[in-house]
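Report on the following structure.
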Amino acid sequence: MRIIHRKLLRDLISLKGQVTAIAVVLAAGVMTLIIAVTTLDAISLTQDRFYGDYRFADVFVDLKRAPEGLAERLREIPGVDHVETRVSAPVRVEVPGYPDPIRGKLLSIPDGRQPTLNQLHLREGSLPEPGRDDQMLISEPFSEAHDLRPGDTLTAIIRGRLTTMTVSGVALSPEFVYQIGPADLLPDYERFGVLWMNRRALANAFGMDGAFNNAVISLQEEADAASVIDAVDALLTRYGGTGAHDRDDQASHQFLSMELDQLRVMAIFLPTLFLGVAAFLLNVLMGRIVRTQRQQVAVLKAFGYSNGDMAVHYGLLTGLIVLIGLVAGVGLGAWAADALAAVYMEYFRFPAISFRLQPQVLLLAVAVASGAAALGTFHAVRGAVSLPPAEAMRPPAPETFRQGWLERSRLGRFLDQPTRIIVRNLLRHRMKSGLSVLGVGLSGALLLVGSYQFGAVDDMLDKQYRLMHTMDVSLYFSEPTSAHAVAGLLHKPGVHFVEGFRSVPVRLANDGRDYRTTILGMDAEPQLRRLIDTRGQRQRLPREGLVLTDYLADYLGVRPGGTVRVEVMEGHRRTLEVALAATVSEPVGVSAYMERRALNNLMREGPAISGVWLLTDESRHAELYDALWDAPRIASIGLIGEAEAAIRDYIDDTVLVMMGVLLLLAGSITFAVAYNNARIAFAERARELATLRVLGYTRGEVGWILLGEIAALTLLAIPLGWLLGTGFALALSEAMSTELFRVPFVITPRTYAFGAAGVLVATALSVLLILRRLRGLDMVSALKTVE
């Protein structure tokens with residue numbers, strides 16, 4: 001083994017603490033990269049395979065009723081490949097032993113065979129037998145939630161009639177990868193299920209013989225989806241079409257796409273943050289190693305080692321640190337990504353997930369980590385290479401110091417000698433001190449970002465379900481109903497207050513952008529579905545005009561006072577220009593609002609409502625459900641408390657799990673940074689501290705000089721960490737805002753305290769480790785020089 005390689009091994013052993021600390025930071029960056037990219041890759045690959053194998057449709061449309069003969073005209077539209085007409089209907093379901101109301105979506109399939117599009121993946125059992133009107137296929141999440149198997153029975157209200165159905169099989173569909181009910185944001189497998197019946201049986205039950213009210217369409221390659229959608233709308237408008245749309249507006253695909261977008265943000269933001277800190281630490285470490293080894297460099301060059309040899313030597317040192325971090329990061333990242341993918345499978349239901357660590361992901365991790373290391377060490381390695389042997393043989397020229405403000409001020413008179421040494425050293429080495437403060441500050445910023453999400457998510461959900469959604473139960477009617485229905489519901493068991501609303505599907509457009517949503521018509525001052533502004537103050541609905549959530553208004557590029565093009569997708573289809581009266585701030589979902597009577601006027605109808613919200617006595621819910629079960633006009637019953645629990649569970653399982661990993665990594669990095677700073681400070685000042693001991697300073701005084709300096713740097717770093725962490729948290733909040741959630745930028749004093757406490761604890765642990773070295777300081781060895 002060449003001498004220079006033996007030196008490399010000795011350096012690794014002597015610097016093992018600092019090498020481990022930096023490897024931890026690198027491993028954290030690589031781990032976050034592997035988690036985000038591998039999970040993203042696994043879900044994307046699984047999605048593409050499921051969509052392709054089971055022929056997921058490209059265009060979807062709902063309508064009132066159209067004759068089956070119209071399907072042939074749909075097939076003749078240029079760009080259309082296949083058309084599948086269906087019967088679709090809401091249904092209420094009762095499972096033996098389950099007390100809460102259950103909503104369902106019934107879809108038809110061809111009698112005894114698979115549909116052409118949106119084919120079903122059978123998990124158990126079989127398709128309903130041809131000619132059977134008492135069999136149905138159920139979705140796997142619903143089956144698991146109620147432990148239903150082929151041969152079990154359940155009760156359904158189909159068009160007002162109580163019907164006992166037998167489960168023929170359990171299936172998954174590419175149309176319901178993310179299985180949510182109407183107006184829901186998250187899956188509730190116990191209270192919503194998707195069910196499939198034979199086309200003839202379902203058509204007979206809903207009076208759809210020879211007709212359809214839903215169609216899915218696949219497109220030819222290179223077909224223009226927009227022109228096909230326009231042609232479909234033109235053909236189906238007279239039949240009550242609510243507007244065809246592509247996959248982007250299909251609920252399951254839309255939510256899955258938003259989740260993938262969040263994973264892409266995390267794959268960029270978090271590794272950049274961690275690896276940036278790692279690059280900075282490598283720069284500090286390698287720079288200080290080169291400074292402390294300048295005489296060794298000179299001797300090696302004097303013995304014939306070239307500049308290239310020295311560059312390779314320090315490059316190998318950096319490379320070995322990177323290798324340690326890569327191996328740890330890839331191993332931990334693959335394990336965590338596998339676990340996280342399993343969590344996602346609870347919400348996004350695929351037949352199987354294609355999880356594997358792709359070679360390109362490994363190459364990306366190597367390239368990113370190596371690039372960060374190269375950027376961090378380039379300056380230090382160049383300094384070692386360019387140092388002439390004759391100059392390197394001499395010790396560094398003594399720095400020129402002059403009397404500072406401390407010596408000239410009254411404060412200096414009240415400080416003891418060790419404390420003056422601390423302050424003087426910090427002021428005379430401003431660059432080195434500044435870099436140390438920046439390193440600790442960055443680690444504290446990572447801690448703050450990790451803890452910020454927990455408090456912000458709680459604030460988001462408290463705002464949504466304590467301040468805005470104060471109802472207990474939501475009811476949706478099968479058809480718009482007279483507002484007089486509110487009075488009748490007031491007499492139901494346990495009902496304290498009833499508030500009606502009108503919901504109308506629309507397409508909003510402005511400045512070349514459009515968005516499908518619903519306009520919710522409410523009382524001018526709604527009590528159970530409050531609107532708030534950006535300051536958290538309740539807002540009254542204006543008599544005229546539209547109110548949008550600020551996220552939707554920003555997307556459409558419209559401000560209060562402007563106008564929005566509203567295309568009504570229900571009843572008398574028409575397009576109107578409606579003024580935007582105001583915006584409201586909501587952390588969950590995007591919506592549009594109008595005063596209910598104004599919306600009724602826009603629809604050219606009387607005082608109609610689409611549903612109601614109830615404030616109820618929870619202890620009487622069983623009586624209330626029994627009473628509502630007998631009302632055939634009620635299409636679905638939603639429980640707000642359960643919706644909140646589902647959202648909290650989803651965030652806990654996905655966002656907060658990722659943030660928990662981030663917090664754990666941030667804590668490791670904080671300790672690594674603090675320990676690295678303490679070790680470097682001790683190595684650089686060992687000779688000076690030994691000299692002070694020889695001159696008669698006690699071990700406590702010498703310890704105070706080192707540890708007091710570390711404490712001062714840490715205290716200076718905490719406010720900087722708060723500032724940097726606030727900026728990182730703001731950037732993360734903006735980057736992860738989606739239509740589903742907008743985590744508010746709320747940092748509480750507790751979050752700042754947590755970040756500071758993490759830095760202080762990490763520094764204290766590092767100091768305890770350094771004290772052992774300080775107690776064993778060999779004054780004779782430390783005072784030896786090579787001059």
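How things are named: the first chain in the structure tokens is A, the next is B, and so on; residues count from 1 in each chain; ligands count from 1 in the order shown.
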With a distance cut-off of 9 Å and only C-alpha atoms, select the neighbouring residues of range 319-335 of chain A, excluding the residue or stretch itself and same-chain residues fewer than 5 positions from it, and output the selection as a PyMOL selection string. chain A and resi 12+19-20+22-36+38+314+340+356-357+362+365-366+369-370+373-374
Hey, which bits of range 640-742 of chain A sit within 7 Å of range 421-437 of chain A, and for each residue what's the closest pair of atoms and how far apart in Å (one decimal), counting only C-alpha atoms, rows by chain and increasing number, as a Markdown table?
```
| residue | atom | partner | partner_atom | distance |
| --- | --- | --- | --- | --- |
| A:Asn677 | CA | A:Ser436 | CA | 6.6 |
| A:Ile705 | CA | A:Ile422 | CA | 5.7 |
| A:Gly708 | CA | A:Ile422 | CA | 6.9 |
| A:Glu709 | CA | A:Ile422 | CA | 5.6 |
| A:Leu713 | CA | A:Val437 | CA | 5.6 |
| A:Thr714 | CA | A:Val437 | CA | 6.7 |
| A:Leu716 | CA | A:Val437 | CA | 6.5 |
| A:Ala717 | CA | A:Val437 | CA | 4.8 |
```
Can you list, as a ChimeraX atom specification, every protein, DNA or RNA residue that comes within 9 Å of Trp629 in chain A when you count only C-alpha atoms, leaving out same-chain residues fewer than 4 positions away? /A:92,101,157,624-625,634
Could you save the residues just selected, with all heavy atoms, as a tab-separated table (two decimals), in the first residue's frame?
```tsv
chain	number	residue	atom	x	y	z
A	92	ARG	N	-78.47	3.70	-1.32
A	92	ARG	CA	-78.21	3.62	0.12
A	92	ARG	C	-78.17	2.15	0.53
A	92	ARG	O	-78.99	1.35	0.08
A	92	ARG	CB	-79.29	4.38	0.89
A	92	ARG	CG	-79.15	5.88	0.74
A	92	ARG	CD	-80.43	6.62	1.02
A	92	ARG	NE	-80.95	6.31	2.34
A	92	ARG	CZ	-82.21	6.52	2.71
A	92	ARG	NH1	-83.06	7.05	1.85
A	92	ARG	NH2	-82.62	6.22	3.91
A	101	PRO	N	-75.24	5.14	8.54
A	101	PRO	CA	-75.73	5.11	7.15
A	101	PRO	C	-74.57	4.91	6.17
A	101	PRO	O	-73.46	5.40	6.38
A	101	PRO	CB	-76.37	6.49	6.98
A	101	PRO	CG	-75.71	7.35	8.00
A	101	PRO	CD	-75.39	6.45	9.16
A	157	ILE	N	-81.44	0.31	-0.86
A	157	ILE	CA	-82.64	1.02	-1.31
A	157	ILE	C	-82.39	1.45	-2.74
A	157	ILE	O	-81.57	2.35	-3.00
A	157	ILE	CB	-82.96	2.23	-0.43
A	157	ILE	CG1	-83.35	1.78	0.98
A	157	ILE	CG2	-84.09	3.03	-1.03
A	157	ILE	CD1	-83.74	2.91	1.89
A	624	LEU	N	-82.22	8.85	14.63
A	624	LEU	CA	-82.25	9.72	13.45
A	624	LEU	C	-82.00	8.91	12.17
A	624	LEU	O	-82.71	9.08	11.18
A	624	LEU	CB	-81.19	10.82	13.60
A	624	LEU	CG	-81.01	11.75	12.40
A	624	LEU	CD1	-82.30	12.51	12.12
A	624	LEU	CD2	-79.87	12.74	12.65
A	625	TYR	N	-81.03	8.00	12.21
A	625	TYR	CA	-80.73	7.21	11.01
A	625	TYR	C	-81.91	6.32	10.63
A	625	TYR	O	-82.23	6.16	9.45
A	625	TYR	CB	-79.49	6.34	11.23
A	625	TYR	CG	-78.24	7.12	11.55
A	625	TYR	CD1	-77.20	6.55	12.31
A	625	TYR	CD2	-78.08	8.43	11.13
A	625	TYR	CE1	-76.06	7.25	12.61
A	625	TYR	CE2	-76.94	9.16	11.44
A	625	TYR	CZ	-75.94	8.55	12.18
A	625	TYR	OH	-74.80	9.26	12.49
A	634	ILE	N	-83.89	10.96	0.12
A	634	ILE	CA	-82.53	11.22	0.60
A	634	ILE	C	-81.57	10.24	-0.08
A	634	ILE	O	-81.66	9.03	0.10
A	634	ILE	CB	-82.45	11.09	2.13
A	634	ILE	CG1	-83.32	12.17	2.79
A	634	ILE	CG2	-81.00	11.21	2.60
A	634	ILE	CD1	-83.40	12.05	4.29
```
Spatial neighbours of Ile138 in chain A, max dist 8 Å, only C-alpha atoms, sep filter under 2 positions, as a list in words: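 Final neighbour list, sorted by chain and number: Met136, Glu140, Phe142, Ser143, Val167, Gly169, Val170, Ala171, Gly193, Val194, Leu195 and Trp196 of chain A.
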Export, as a CSV table (one decimal), in the first residue's frame, the selected residues with all heavy atoms.
```
chain,number,residue,atom,x,y,z
A,136,MET,N,-74.6,-8.6,-7.0
A,136,MET,CA,-73.8,-7.5,-7.3
A,136,MET,C,-72.4,-7.7,-6.9
A,136,MET,O,-72.0,-8.6,-6.1
A,136,MET,CB,-74.3,-6.2,-6.5
A,136,MET,CG,-74.3,-6.3,-5.0
A,136,MET,SD,-74.6,-4.7,-4.2
A,136,MET,CE,-76.1,-4.2,-5.0
A,140,GLU,N,-63.3,-3.8,-3.4
A,140,GLU,CA,-62.5,-4.4,-2.3
A,140,GLU,C,-62.4,-3.6,-1.1
A,140,GLU,O,-62.5,-4.1,0.0
A,140,GLU,CB,-61.1,-4.7,-2.9
A,140,GLU,CG,-60.3,-5.5,-1.9
A,140,GLU,CD,-58.9,-5.7,-2.3
A,140,GLU,OE1,-58.2,-4.8,-2.7
A,140,GLU,OE2,-58.5,-6.9,-2.4
A,142,PHE,N,-64.6,-1.6,0.3
A,142,PHE,CA,-65.8,-1.7,1.0
A,142,PHE,C,-66.0,-3.1,1.6
A,142,PHE,O,-66.5,-3.3,2.7
A,142,PHE,CB,-67.0,-1.4,0.0
A,142,PHE,CG,-68.3,-1.4,0.6
A,142,PHE,CD1,-68.7,-0.5,1.6
A,142,PHE,CD2,-69.3,-2.4,0.3
A,142,PHE,CE1,-70.0,-0.5,2.1
A,142,PHE,CE2,-70.5,-2.4,0.8
A,142,PHE,CZ,-70.9,-1.5,1.8
A,143,SER,N,-65.5,-4.1,0.8
A,143,SER,CA,-65.6,-5.5,1.3
A,143,SER,C,-64.8,-5.7,2.5
A,143,SER,O,-65.2,-6.3,3.5
A,143,SER,CB,-65.1,-6.4,0.2
A,143,SER,OG,-64.8,-7.7,0.6
A,167,VAL,N,-73.7,-10.8,-2.6
A,167,VAL,CA,-72.4,-10.4,-3.1
A,167,VAL,C,-71.9,-11.6,-4.0
A,167,VAL,O,-71.7,-12.7,-3.5
A,167,VAL,CB,-71.4,-10.2,-2.0
A,167,VAL,CG1,-70.0,-9.9,-2.6
A,167,VAL,CG2,-71.9,-9.0,-1.2
A,169,GLY,N,-69.0,-11.2,-6.0
A,169,GLY,CA,-67.6,-11.1,-6.1
A,169,GLY,C,-67.1,-9.8,-5.5
A,169,GLY,O,-67.8,-8.9,-5.2
A,170,VAL,N,-65.8,-9.7,-5.4
A,170,VAL,CA,-65.1,-8.5,-4.9
A,170,VAL,C,-64.1,-8.1,-6.0
A,170,VAL,O,-63.4,-8.9,-6.6
A,170,VAL,CB,-64.3,-8.8,-3.6
A,170,VAL,CG1,-63.5,-7.6,-3.2
A,170,VAL,CG2,-65.3,-9.3,-2.6
A,171,ALA,N,-64.0,-6.7,-6.3
A,171,ALA,CA,-63.3,-6.3,-7.5
A,171,ALA,C,-62.6,-4.9,-7.2
A,171,ALA,O,-63.0,-4.2,-6.2
A,171,ALA,CB,-64.1,-6.2,-8.7
A,193,GLY,N,-69.3,2.8,-0.7
A,193,GLY,CA,-68.8,1.7,-1.5
A,193,GLY,C,-69.3,1.9,-3.0
A,193,GLY,O,-70.3,2.5,-3.3
A,194,VAL,N,-68.5,1.2,-3.8
A,194,VAL,CA,-68.9,1.1,-5.3
A,194,VAL,C,-69.4,-0.3,-5.5
A,194,VAL,O,-68.8,-1.3,-5.1
A,194,VAL,CB,-67.7,1.5,-6.2
A,194,VAL,CG1,-68.1,1.4,-7.6
A,194,VAL,CG2,-67.1,2.8,-5.8
A,195,LEU,N,-70.5,-0.4,-6.3
A,195,LEU,CA,-71.2,-1.6,-6.5
A,195,LEU,C,-71.5,-1.7,-8.0
A,195,LEU,O,-71.8,-0.7,-8.6
A,195,LEU,CB,-72.4,-1.8,-5.7
A,195,LEU,CG,-72.3,-1.4,-4.2
A,195,LEU,CD1,-73.2,-0.1,-3.9
A,195,LEU,CD2,-72.7,-2.5,-3.3
A,196,TRP,N,-71.4,-3.0,-8.5
A,196,TRP,CA,-71.7,-3.2,-9.9
A,196,TRP,C,-72.8,-4.2,-10.1
A,196,TRP,O,-72.8,-5.3,-9.4
A,196,TRP,CB,-70.5,-3.7,-10.7
A,196,TRP,CG,-69.4,-2.7,-10.8
A,196,TRP,CD1,-69.1,-1.8,-11.8
A,196,TRP,CD2,-68.3,-2.5,-9.8
A,196,TRP,NE1,-68.0,-1.0,-11.5
A,196,TRP,CE2,-67.5,-1.4,-10.3
A,196,TRP,CE3,-67.9,-3.1,-8.6
A,196,TRP,CZ2,-66.3,-1.0,-9.6
A,196,TRP,CZ3,-66.8,-2.7,-7.9
A,196,TRP,CH2,-66.0,-1.6,-8.5
```
Find, counting only C-alpha atoms, the residue in A:Phe745, A:Tyr650, A:Tyr54, A:Tyr305 that gets nearest to Thr534 in chain A.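 Result for the nearest residue to Thr534 in chain A: A:Phe745.
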Within 7 Å of range 529-533 of chain A using only C-alpha atoms, minus same-chain residues under 3 positions, as a PyMOL selection string: chain A and resi 468-470+526+536-539+584-585
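Among the candidate residues A:Glu642, A:Glu586, A:Asp209, A:Asp81, the one lying nearest to Thr116 in chain A is A:Asp81, with distances computed using only C-alpha atoms.
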